[in-house]
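Source file data20.cif; content: mmCIF, C-alpha atoms.
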data_query
#
loop_
_atom_site.group_PDB
_atom_site.id
_atom_site.type_symbol
_atom_site.label_atom_id
_atom_site.label_comp_id
_atom_site.auth_asym_id
_atom_site.auth_seq_id
_atom_site.Cartn_x
_atom_site.Cartn_y
_atom_site.Cartn_z
ATOM 1 C CA MET A 1 -96.355 193.505 71.074
ATOM 2 C CA ILE A 2 -96.877 193.234 67.320
ATOM 3 C CA PRO A 3 -94.223 191.036 65.639
ATOM 4 C CA GLN A 4 -91.853 192.927 63.351
ATOM 5 C CA PRO A 5 -92.707 190.812 60.255
ATOM 6 C CA VAL A 6 -96.317 191.990 60.636
ATOM 7 C CA LEU A 7 -95.266 195.651 60.828
ATOM 8 C CA ASN A 8 -93.137 195.298 57.688
ATOM 9 C CA GLU A 9 -96.038 194.264 55.431
ATOM 10 C CA TRP A 10 -98.258 196.415 53.190
ATOM 11 C CA TYR A 11 -101.941 196.887 54.116
ATOM 12 C CA PRO A 12 -104.849 198.607 52.317
ATOM 13 C CA VAL A 13 -106.170 201.605 54.235
ATOM 14 C CA ALA A 14 -108.460 203.468 51.795
ATOM 15 C CA MET A 15 -109.802 203.669 48.263
ATOM 16 C CA THR A 16 -107.740 206.283 46.444
ATOM 17 C CA ALA A 17 -110.804 207.949 44.937
ATOM 18 C CA LEU A 18 -112.276 208.657 48.384
ATOM 19 C CA VAL A 19 -109.245 210.366 49.953
ATOM 20 C CA GLY A 20 -109.562 214.080 50.647
ATOM 21 C CA PRO A 21 -107.557 216.805 52.417
ATOM 22 C CA TRP A 22 -106.784 216.695 56.131
ATOM 23 C CA PRO A 23 -108.201 215.073 58.233
ATOM 24 C CA GLY A 24 -109.078 212.799 55.307
ATOM 25 C CA ARG A 25 -110.102 209.226 56.117
ATOM 26 C CA GLN A 26 -109.817 208.466 59.817
ATOM 27 C CA THR A 27 -109.359 204.745 60.433
ATOM 28 C CA GLN A 28 -107.217 202.131 62.209
ATOM 29 C CA LEU A 29 -104.357 199.841 61.278
ATOM 30 C CA LEU A 30 -103.109 197.069 63.590
ATOM 31 C CA GLY A 31 -104.883 198.673 66.536
ATOM 32 C CA SER A 32 -103.514 202.202 66.000
ATOM 33 C CA ASP A 33 -105.401 205.277 64.766
ATOM 34 C CA ILE A 34 -104.320 206.713 61.411
ATOM 35 C CA ASN A 35 -105.398 209.459 59.012
ATOM 36 C CA VAL A 36 -105.258 209.050 55.226
ATOM 37 C CA PHE A 37 -105.280 212.394 53.421
ATOM 38 C CA PHE A 38 -103.976 214.463 50.538
ATOM 39 C CA GLU A 39 -101.156 216.871 51.275
ATOM 40 C CA GLY A 40 -100.555 218.775 48.061
ATOM 41 C CA ASP A 41 -100.402 216.162 45.309
ATOM 42 C CA ALA A 42 -99.320 213.334 47.616
ATOM 43 C CA ILE A 43 -101.338 210.954 49.761
ATOM 44 C CA VAL A 44 -100.083 210.733 53.342
ATOM 45 C CA VAL A 45 -100.875 208.108 55.983
ATOM 46 C CA ARG A 46 -100.167 209.550 59.422
ATOM 47 C CA GLY A 47 -100.204 207.796 62.780
ATOM 48 C CA ALA A 48 -99.344 208.909 66.298
ATOM 49 C CA ALA A 49 -95.652 208.165 65.725
ATOM 50 C CA GLY A 50 -95.398 209.866 62.346
ATOM 51 C CA ASP A 51 -95.963 209.143 58.659
ATOM 52 C CA LEU A 52 -96.097 205.597 57.337
ATOM 53 C CA ALA A 53 -94.620 204.323 54.071
ATOM 54 C CA VAL A 54 -97.227 204.614 51.304
ATOM 55 C CA CYS A 55 -97.825 203.201 47.838
ATOM 56 C CA LEU A 56 -100.807 203.406 45.489
ATOM 57 C CA ALA A 57 -102.042 200.398 43.527
ATOM 58 C CA TYR A 58 -105.250 198.769 42.292
ATOM 59 C CA GLY A 59 -107.359 201.804 43.206
ATOM 60 C CA HIS A 60 -106.268 201.663 46.854
ATOM 61 C CA VAL A 61 -103.863 203.310 49.255
ATOM 62 C CA TRP A 62 -101.447 200.884 50.904
ATOM 63 C CA ALA A 63 -99.459 201.628 54.049
ATOM 64 C CA CYS A 64 -96.619 199.910 55.893
ATOM 65 C CA PRO A 65 -96.247 200.714 59.620
ATOM 66 C CA GLY A 66 -92.646 199.453 59.762
ATOM 67 C CA THR A 67 -89.874 199.142 57.175
ATOM 68 C CA PRO A 68 -91.272 197.545 53.990
ATOM 69 C CA ALA A 69 -89.790 194.065 53.595
ATOM 70 C CA HIS A 70 -90.569 194.075 49.859
ATOM 71 C CA LYS A 71 -92.498 195.874 47.155
ATOM 72 C CA LEU A 72 -96.259 195.460 46.970
ATOM 73 C CA PHE A 73 -97.223 192.256 45.167
ATOM 74 C CA PRO A 74 -97.901 192.618 41.423
ATOM 75 C CA ILE A 75 -101.200 191.914 39.672
ATOM 76 C CA PRO A 76 -100.201 192.111 35.980
ATOM 77 C CA GLU A 77 -103.831 191.855 34.836
ATOM 78 C CA ALA A 78 -104.477 195.302 36.312
ATOM 79 C CA ASP A 79 -102.513 196.754 33.383
ATOM 80 C CA GLN A 80 -103.899 194.445 30.698
ATOM 81 C CA PRO A 81 -105.674 196.269 27.852
ATOM 82 C CA GLY A 82 -109.404 195.607 27.644
ATOM 83 C CA ARG A 83 -109.883 194.775 31.307
ATOM 84 C CA ARG A 84 -112.393 196.667 33.387
ATOM 85 C CA LEU A 85 -111.132 197.526 36.870
ATOM 86 C CA VAL A 86 -113.859 197.644 39.508
ATOM 87 C CA ASP A 87 -113.449 198.912 43.073
ATOM 88 C CA CYS A 88 -116.239 197.227 45.045
ATOM 89 C CA GLY A 89 -116.316 199.358 48.180
ATOM 90 C CA VAL A 90 -115.690 197.949 51.629
ATOM 91 C CA VAL A 91 -117.307 195.568 54.117
ATOM 92 C CA ARG A 92 -116.548 195.840 57.841
ATOM 93 C CA VAL A 93 -116.356 192.410 59.480
ATOM 94 C CA LYS A 94 -116.051 191.446 63.147
ATOM 95 C CA CYS A 95 -113.477 188.710 62.609
ATOM 96 C CA SER A 96 -109.757 188.120 62.428
ATOM 97 C CA PRO A 97 -108.306 189.534 59.205
ATOM 98 C CA LEU A 98 -106.706 186.131 58.649
ATOM 99 C CA ARG A 99 -110.110 184.450 58.959
ATOM 100 C CA ALA A 100 -111.399 186.749 56.202
ATOM 101 C CA VAL A 101 -108.620 185.646 53.845
ATOM 102 C CA GLU A 102 -109.046 181.956 54.667
ATOM 103 C CA ASN A 103 -112.782 182.159 54.001
ATOM 104 C CA PHE A 104 -112.004 183.572 50.542
ATOM 105 C CA LEU A 105 -109.878 180.481 49.885
ATOM 106 C CA ASP A 106 -112.604 178.031 50.929
ATOM 107 C CA ILE A 107 -114.331 176.236 48.050
ATOM 108 C CA ALA A 108 -116.494 173.791 50.000
ATOM 109 C CA HIS A 109 -118.854 176.449 51.393
ATOM 110 C CA PHE A 110 -120.125 177.603 47.969
ATOM 111 C CA PRO A 111 -123.280 175.410 47.784
ATOM 112 C CA PHE A 112 -124.263 176.133 51.384
ATOM 113 C CA VAL A 113 -123.500 179.851 51.787
ATOM 114 C CA HIS A 114 -123.827 181.078 48.185
ATOM 115 C CA THR A 115 -126.672 178.744 47.218
ATOM 116 C CA ASP A 116 -127.777 178.855 43.553
ATOM 117 C CA VAL A 117 -125.108 181.435 42.748
ATOM 118 C CA LEU A 118 -121.589 180.065 43.317
ATOM 119 C CA GLY A 119 -122.782 176.562 44.153
ATOM 120 C CA ALA A 120 -125.804 174.313 44.498
ATOM 121 C CA GLU A 121 -126.717 170.896 45.783
ATOM 122 C CA PRO A 122 -126.141 168.116 44.815
ATOM 123 C CA HIS A 123 -122.872 169.519 43.339
ATOM 124 C CA THR A 124 -121.060 169.666 46.681
ATOM 125 C CA GLU A 125 -117.949 167.558 46.180
ATOM 126 C CA VAL A 126 -114.605 169.338 45.986
ATOM 127 C CA GLY A 127 -112.369 167.417 43.604
ATOM 128 C CA ARG A 128 -108.641 167.005 44.027
ATOM 129 C CA TYR A 129 -106.562 170.062 43.279
ATOM 130 C CA GLU A 130 -102.947 171.127 43.707
ATOM 131 C CA VAL A 131 -101.503 173.443 46.375
ATOM 132 C CA GLN A 132 -97.976 174.738 46.754
ATOM 133 C CA ILE A 133 -95.996 177.422 48.566
ATOM 134 C CA ARG A 134 -94.002 178.970 45.725
ATOM 135 C CA GLU A 135 -90.578 179.827 47.061
ATOM 136 C CA ASP A 136 -89.660 182.154 44.169
ATOM 137 C CA SER A 137 -92.559 184.545 44.867
ATOM 138 C CA ASP A 138 -93.160 183.539 48.521
ATOM 139 C CA GLU A 139 -96.864 183.003 47.837
ATOM 140 C CA VAL A 140 -99.427 180.252 48.386
ATOM 141 C CA TRP A 141 -101.110 178.951 45.206
ATOM 142 C CA ALA A 142 -103.955 176.500 44.591
ATOM 143 C CA THR A 143 -104.449 175.360 40.992
ATOM 144 C CA LYS A 144 -106.592 172.950 38.976
ATOM 145 C CA VAL A 145 -109.651 173.736 41.093
ATOM 146 C CA HIS A 146 -112.971 172.911 39.384
ATOM 147 C CA PHE A 147 -116.462 173.539 40.731
ATOM 148 C CA TYR A 148 -119.970 173.692 39.260
ATOM 149 C CA GLN A 149 -121.572 177.124 39.615
ATOM 150 C CA PRO A 150 -125.128 178.160 38.689
ATOM 151 C CA GLN A 151 -123.994 181.782 38.160
ATOM 152 C CA ALA A 152 -120.220 182.114 38.121
ATOM 153 C CA ALA A 153 -120.315 185.870 37.438
ATOM 154 C CA LYS A 154 -122.830 188.660 36.994
ATOM 155 C CA SER A 155 -122.407 188.329 33.220
ATOM 156 C CA ALA A 156 -122.850 184.529 33.168
ATOM 157 C CA ALA A 157 -125.985 183.285 31.380
ATOM 158 C CA GLY A 158 -126.187 179.858 33.027
ATOM 159 C CA GLY A 159 -124.444 177.196 35.053
ATOM 160 C CA ILE A 160 -120.896 176.163 34.134
ATOM 161 C CA VAL A 161 -118.045 174.166 35.608
ATOM 162 C CA THR A 162 -115.706 176.935 36.657
ATOM 163 C CA GLU A 163 -111.940 176.555 36.906
ATOM 164 C CA TYR A 164 -110.162 178.448 39.662
ATOM 165 C CA MET A 165 -106.669 179.420 40.722
ATOM 166 C CA TYR A 166 -106.183 180.887 44.185
ATOM 167 C CA ARG A 167 -103.199 183.023 45.117
ATOM 168 C CA VAL A 168 -102.304 184.288 48.593
ATOM 169 C CA ALA A 169 -100.134 187.248 47.645
ATOM 170 C CA ALA A 170 -99.750 188.711 51.158
ATOM 171 C CA PRO A 171 -100.904 187.757 54.659
ATOM 172 C CA THR A 172 -104.078 189.818 54.273
ATOM 173 C CA ALA A 173 -104.510 189.842 50.496
ATOM 174 C CA ALA A 174 -105.615 187.109 48.114
ATOM 175 C CA VAL A 175 -106.329 186.963 44.387
ATOM 176 C CA LEU A 176 -108.676 184.591 42.598
ATOM 177 C CA TYR A 177 -108.406 183.712 38.911
ATOM 178 C CA LYS A 178 -111.502 182.059 37.461
ATOM 179 C CA THR A 179 -113.073 181.064 34.153
ATOM 180 C CA CYS A 180 -114.145 184.161 32.225
ATOM 181 C CA PRO A 181 -117.644 183.679 30.731
ATOM 182 C CA ASN A 182 -117.035 186.410 28.133
ATOM 183 C CA ASN A 183 -113.522 185.364 27.071
ATOM 184 C CA PRO A 184 -112.603 181.664 27.410
ATOM 185 C CA ASP A 185 -108.928 182.423 26.711
ATOM 186 C CA GLU A 186 -108.605 184.714 29.732
ATOM 187 C CA TRP A 187 -109.269 184.678 33.474
ATOM 188 C CA ASP A 188 -111.547 186.932 35.461
ATOM 189 C CA VAL A 189 -109.531 188.307 38.380
ATOM 190 C CA ILE A 190 -111.058 188.986 41.791
ATOM 191 C CA GLY A 191 -109.077 190.171 44.791
ATOM 192 C CA ILE A 192 -109.754 190.856 48.424
ATOM 193 C CA PHE A 193 -107.547 193.322 50.233
ATOM 194 C CA VAL A 194 -108.032 193.085 53.998
ATOM 195 C CA GLN A 195 -107.266 195.957 56.383
ATOM 196 C CA PRO A 196 -106.577 194.636 59.906
ATOM 197 C CA LEU A 197 -108.174 197.216 62.204
ATOM 198 C CA THR A 198 -107.504 194.993 65.226
ATOM 199 C CA GLU A 199 -106.898 191.273 65.691
ATOM 200 C CA GLU A 200 -110.660 190.659 65.732
ATOM 201 C CA LEU A 201 -111.962 193.389 63.427
ATOM 202 C CA CYS A 202 -111.190 194.153 59.803
ATOM 203 C CA LYS A 203 -112.294 195.897 56.646
ATOM 204 C CA VAL A 204 -112.459 193.877 53.439
ATOM 205 C CA TRP A 205 -111.993 195.680 50.116
ATOM 206 C CA PRO A 206 -113.132 193.512 47.144
ATOM 207 C CA TRP A 207 -111.616 194.396 43.748
ATOM 208 C CA MET A 208 -112.066 192.993 40.239
ATOM 209 C CA ALA A 209 -110.367 193.077 36.836
ATOM 210 C CA LEU A 210 -112.867 191.734 34.302
ATOM 211 C CA PHE A 211 -113.578 191.351 30.617
ATOM 212 C CA ASP A 212 -117.126 192.734 30.780
ATOM 213 C CA ASP A 213 -118.111 195.823 28.805
ATOM 214 C CA THR A 214 -121.881 195.498 29.201
ATOM 215 C CA THR A 215 -122.846 194.975 32.850
ATOM 216 C CA PRO A 216 -123.577 198.282 34.635
ATOM 217 C CA GLN A 217 -120.968 199.252 37.222
ATOM 218 C CA ALA A 218 -123.550 199.325 40.014
ATOM 219 C CA ASP A 219 -124.632 195.756 39.186
ATOM 220 C CA LEU A 220 -121.054 194.462 39.290
ATOM 221 C CA ILE A 221 -120.476 196.076 42.680
ATOM 222 C CA GLN A 222 -123.828 194.884 44.033
ATOM 223 C CA PHE A 223 -123.123 191.293 42.971
ATOM 224 C CA GLN A 224 -119.723 191.213 44.687
ATOM 225 C CA GLN A 225 -121.056 192.915 47.811
ATOM 226 C CA MET A 226 -123.917 190.401 47.980
ATOM 227 C CA ILE A 227 -121.452 187.511 47.889
ATOM 228 C CA PHE A 228 -119.309 188.902 50.676
ATOM 229 C CA LEU A 229 -122.244 189.902 52.864
ATOM 230 C CA GLN A 230 -123.336 186.261 52.732
ATOM 231 C CA ASP A 231 -119.866 185.359 54.002
ATOM 232 C CA ARG A 232 -119.940 187.954 56.777
ATOM 233 C CA SER A 233 -122.599 186.191 58.854
ATOM 234 C CA ILE A 234 -120.475 183.026 58.823
ATOM 235 C CA LEU A 235 -117.230 184.830 59.614
ATOM 236 C CA GLU A 236 -118.675 186.728 62.563
ATOM 237 C CA ASN A 237 -119.838 183.499 64.222
ATOM 238 C CA GLN A 238 -116.655 181.442 63.900
ATOM 239 C CA ILE A 239 -115.077 180.157 67.114
ATOM 240 C CA PRO A 240 -112.324 180.721 68.052
ATOM 241 C CA ARG A 241 -112.323 184.252 66.696
ATOM 242 C CA LEU A 242 -108.583 184.146 66.022
ATOM 243 C CA LEU A 243 -107.249 181.819 63.317
ATOM 244 C CA PRO A 244 -105.609 178.722 64.876
ATOM 245 C CA LEU A 245 -102.164 178.088 63.410
ATOM 246 C CA ASP A 246 -101.356 174.965 65.420
ATOM 247 C CA PRO A 247 -103.022 171.650 64.540
ATOM 248 C CA GLY A 248 -105.598 170.175 66.886
ATOM 249 C CA LYS A 249 -108.174 172.952 67.257
ATOM 250 C CA GLU A 250 -109.842 172.442 63.877
ATOM 251 C CA ILE A 251 -109.808 169.203 61.859
ATOM 252 C CA PRO A 252 -109.144 169.786 58.132
ATOM 253 C CA THR A 253 -110.448 167.721 55.216
ATOM 254 C CA GLN A 254 -109.128 167.143 51.695
ATOM 255 C CA ALA A 255 -110.983 170.294 50.590
ATOM 256 C CA ASP A 256 -108.985 172.387 53.093
ATOM 257 C CA MET A 257 -105.530 171.923 51.557
ATOM 258 C CA THR A 258 -105.252 175.622 50.673
ATOM 259 C CA SER A 259 -106.124 176.642 54.221
ATOM 260 C CA ILE A 260 -103.539 174.229 55.618
ATOM 261 C CA ALA A 261 -100.830 175.688 53.387
ATOM 262 C CA TYR A 262 -101.904 179.262 54.252
ATOM 263 C CA ARG A 263 -101.673 178.587 57.992
ATOM 264 C CA ARG A 264 -98.298 176.876 57.626
ATOM 265 C CA TRP A 265 -97.028 179.819 55.554
ATOM 266 C CA LEU A 266 -98.219 182.380 58.130
ATOM 267 C CA LYS A 267 -96.617 180.511 61.020
ATOM 268 C CA ARG A 268 -93.319 180.073 59.170
ATOM 269 C CA LYS A 269 -93.121 183.810 58.413
ATOM 270 C CA GLY A 270 -94.174 184.965 61.882
ATOM 271 C CA LEU A 271 -97.292 186.688 60.530
ATOM 272 C CA THR A 272 -99.377 185.980 63.612
ATOM 273 C CA TYR A 273 -101.487 189.124 64.037
ATOM 274 C CA GLY A 274 -105.063 187.781 64.223
ATOM 275 C CA ALA A 275 -103.880 184.226 64.889
ATOM 276 C CA GLN A 276 -104.128 181.832 67.807
ATOM 277 C CA MET A 277 -100.800 180.099 68.327
ATOM 278 C CA VAL A 278 -101.685 177.431 70.934
ATOM 279 C CA ALA A 279 -104.620 175.057 70.653
ATOM 280 C CA ALA A 280 -106.957 175.429 73.629
#

Represent the structure of the file as structure tokens.
Amino acid sequence: MIPQPVLNEWYPVAMTALVGPWPGRQTQLLGSDINVFFEGDAIVVRGAAGDLAVCLAYGHVWACPGTPAHKLFPIPEADQPGRRLVDCGVVRVKCSPLRAVENFLDIAHFPFVHTDVLGAEPHTEVGRYEVQIREDSDEVWATKVHFYQPQAAKSAAGGIVTEYMYRVAAPTAAVLYKTCPNNPDEWDVIGIFVQPLTEELCKVWPWMALFDDTTPQADLIQFQQMIFLQDRSILENQIPRLLPLDPGKEIPTQADMTSIAYRRWLKRKGLTYGAQMVAA
């Protein structure tokens, strides 16, 4: 049985621009079949038991299978003048949706998985950074993260030491704020919105809010897709397939502080869909 806190969360189920009339987009959410379609001027998400709660944000359709426990998390930069909003399509991944989010939070893999793009040897050390579970917003944040990157963004002309902030805004959604090559006073914003099809299968929807008026749209999407496709081969080979929430199965290092806080936060809230509760 799916825990009630899981049912009461918001999940991405489609890109708004790709929704059509019935039967619309046929997909899954938490193991159940759903249809996402236009009915008149409204977008409807319909499952076997009826219509789900729906909201539209950041170019995507979000659905809640239960009773929404809260409003969808805000991303204020989505409304900031001058930013370019980029929907980057979707990648289907054979892994726990929670694994997909945790991978997004991992800094140490940059030189080894995204070689000569987001990282490169010998720049492999992850320096000390700060992590906290913010009680006011009920989110996990990592700040003061610095890492050398040969190409921090598609628009970057060369290697720079990039500053990061990571934000877990929902159990299957995370937002990254990073040094903006085109505007040093602002942050580039990159999000991943993860749709849990089942406990071991998900769709990942990358999204960006950038200060970049010159790079062609197709190049921006291709760059982000390339990065996540490099991650997919790692994610699909992780064992155990579910994310362990109890200590003992996987041994963390100093670089894993964000992952530790994320797992603690999930366990505390009962958000265990896609998680392994007992070390084996």

- Proximity to Ile221 in chain A - best of A:Ile190, A:Leu98, A:Ile239, A:Leu72, all atoms listed in the file: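 With all atoms listed in the file as the atom set, the closest residue is A:Ile190.
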
- Message: So that I can see what lies close to Lys94 in chain A, please list as a list in words the residues with an atom at most 8 Å from it, counting all atoms listed in the file and leaving out residues fewer than 2 positions away in the same chain.
- Response: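 The filter keeps Arg92, Ser96, Glu200, Leu201, Cys202, Leu235 and Glu236 of chain A.
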
Output C-alpha atoms of each residue in that selection to a file, as a CSV table (one decimal), keeping the file's coordinate frame.
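Dumped everything to selection_39.csv:
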chain,number,residue,atom,x,y,z
A,92,ARG,CA,-116.5,195.8,57.8
A,96,SER,CA,-109.8,188.1,62.4
A,200,GLU,CA,-110.7,190.7,65.7
A,201,LEU,CA,-112.0,193.4,63.4
A,202,CYS,CA,-111.2,194.2,59.8
A,235,LEU,CA,-117.2,184.8,59.6
A,236,GLU,CA,-118.7,186.7,62.6

- Item | Picked residues, the PyMOL selection byres ((chain A and resi 31) around 8), expected as a PyMOL selection string | chain A and resi 28-30+32-33+196-199

Could you write those residues out with C-alpha atoms, as a PDB file, in the frame of the given file?
ATOM      1  CA  GLN A  28    -107.217 202.131  62.209  1.00  0.00           C
ATOM      2  CA  LEU A  29    -104.357 199.841  61.278  1.00  0.00           C
ATOM      3  CA  LEU A  30    -103.109 197.069  63.590  1.00  0.00           C
ATOM      4  CA  SER A  32    -103.514 202.202  66.000  1.00  0.00           C
ATOM      5  CA  ASP A  33    -105.401 205.277  64.766  1.00  0.00           C
ATOM      6  CA  PRO A 196    -106.577 194.636  59.906  1.00  0.00           C
ATOM      7  CA  LEU A 197    -108.174 197.216  62.204  1.00  0.00           C
ATOM      8  CA  THR A 198    -107.504 194.993  65.226  1.00  0.00           C
ATOM      9  CA  GLU A 199    -106.898 191.273  65.691  1.00  0.00           C
TER      10      GLU A 199
END

- Got a sec to resolve the PyMOL selection byres ((chain A and resi 243) around 9) on this structure and send the residues as a ChimeraX atom specification? /A:96-99,102,239-242,244-245,263,272,274-277

- Item | Shell of 12 Å around Phe211 in chain A, all atoms listed in the file, local chain residues under 4 positions omitted, as a PyMOL selection string | chain A and resi 77-78+80-86+153-156+178-190+215+220

- Message: From the options A:Ala49, A:Val6, A:Leu210, A:Val61, which residue's atoms come nearest to Arg25 in chain A, counting all atoms listed in the file?
- Response: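 Looking only at the distances to Arg25 in chain A, the closest residue turns out to be A:Val61.
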
- Item | Resolved residues for the PyMOL selection byres ((chain A and resi 191) around 8) as a PyMOL selection string | chain A and resi 173-176+189-190+192-193+206-208

As lines of an AutoDock Vina configuration file: centre and edge lengths in Å, one decimal, of the axis-aligned box holding range 84-102 of chain A with 3 Å per side:
center_x = -112.0
center_y = 190.7
center_z = 48.3
size_x = 16.6
size_y = 23.4
size_z = 35.8

- Item | Straight-line distance linking CA of Gln4 in chain A with CA of Val168 in chain A, stated in Å to one decimal |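 According to the coordinates, CA of Gln4 in chain A and CA of Val168 in chain A are separated by 20.0 Å.
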
Find the nearest atom pair between each residue of range 47-113 of chain A and range 138-141 of chain A for residues within 12 Å, count all atoms listed in the file, give distances in Å to one decimal, sort rows by chain and ascending number, and present the table as JSON lines.
{"residue": "A:His70", "atom": "CA", "partner": "A:Asp138", "partner_atom": "CA", "distance": 10.9}
{"residue": "A:Phe73", "atom": "CA", "partner": "A:Glu139", "partner_atom": "CA", "distance": 9.6}
{"residue": "A:Pro74", "atom": "CA", "partner": "A:Glu139", "partner_atom": "CA", "distance": 11.6}
{"residue": "A:Val101", "atom": "CA", "partner": "A:Val140", "partner_atom": "CA", "distance": 12.0}
{"residue": "A:Glu102", "atom": "CA", "partner": "A:Val140", "partner_atom": "CA", "distance": 11.6}
{"residue": "A:Leu105", "atom": "CA", "partner": "A:Trp141", "partner_atom": "CA", "distance": 10.1}
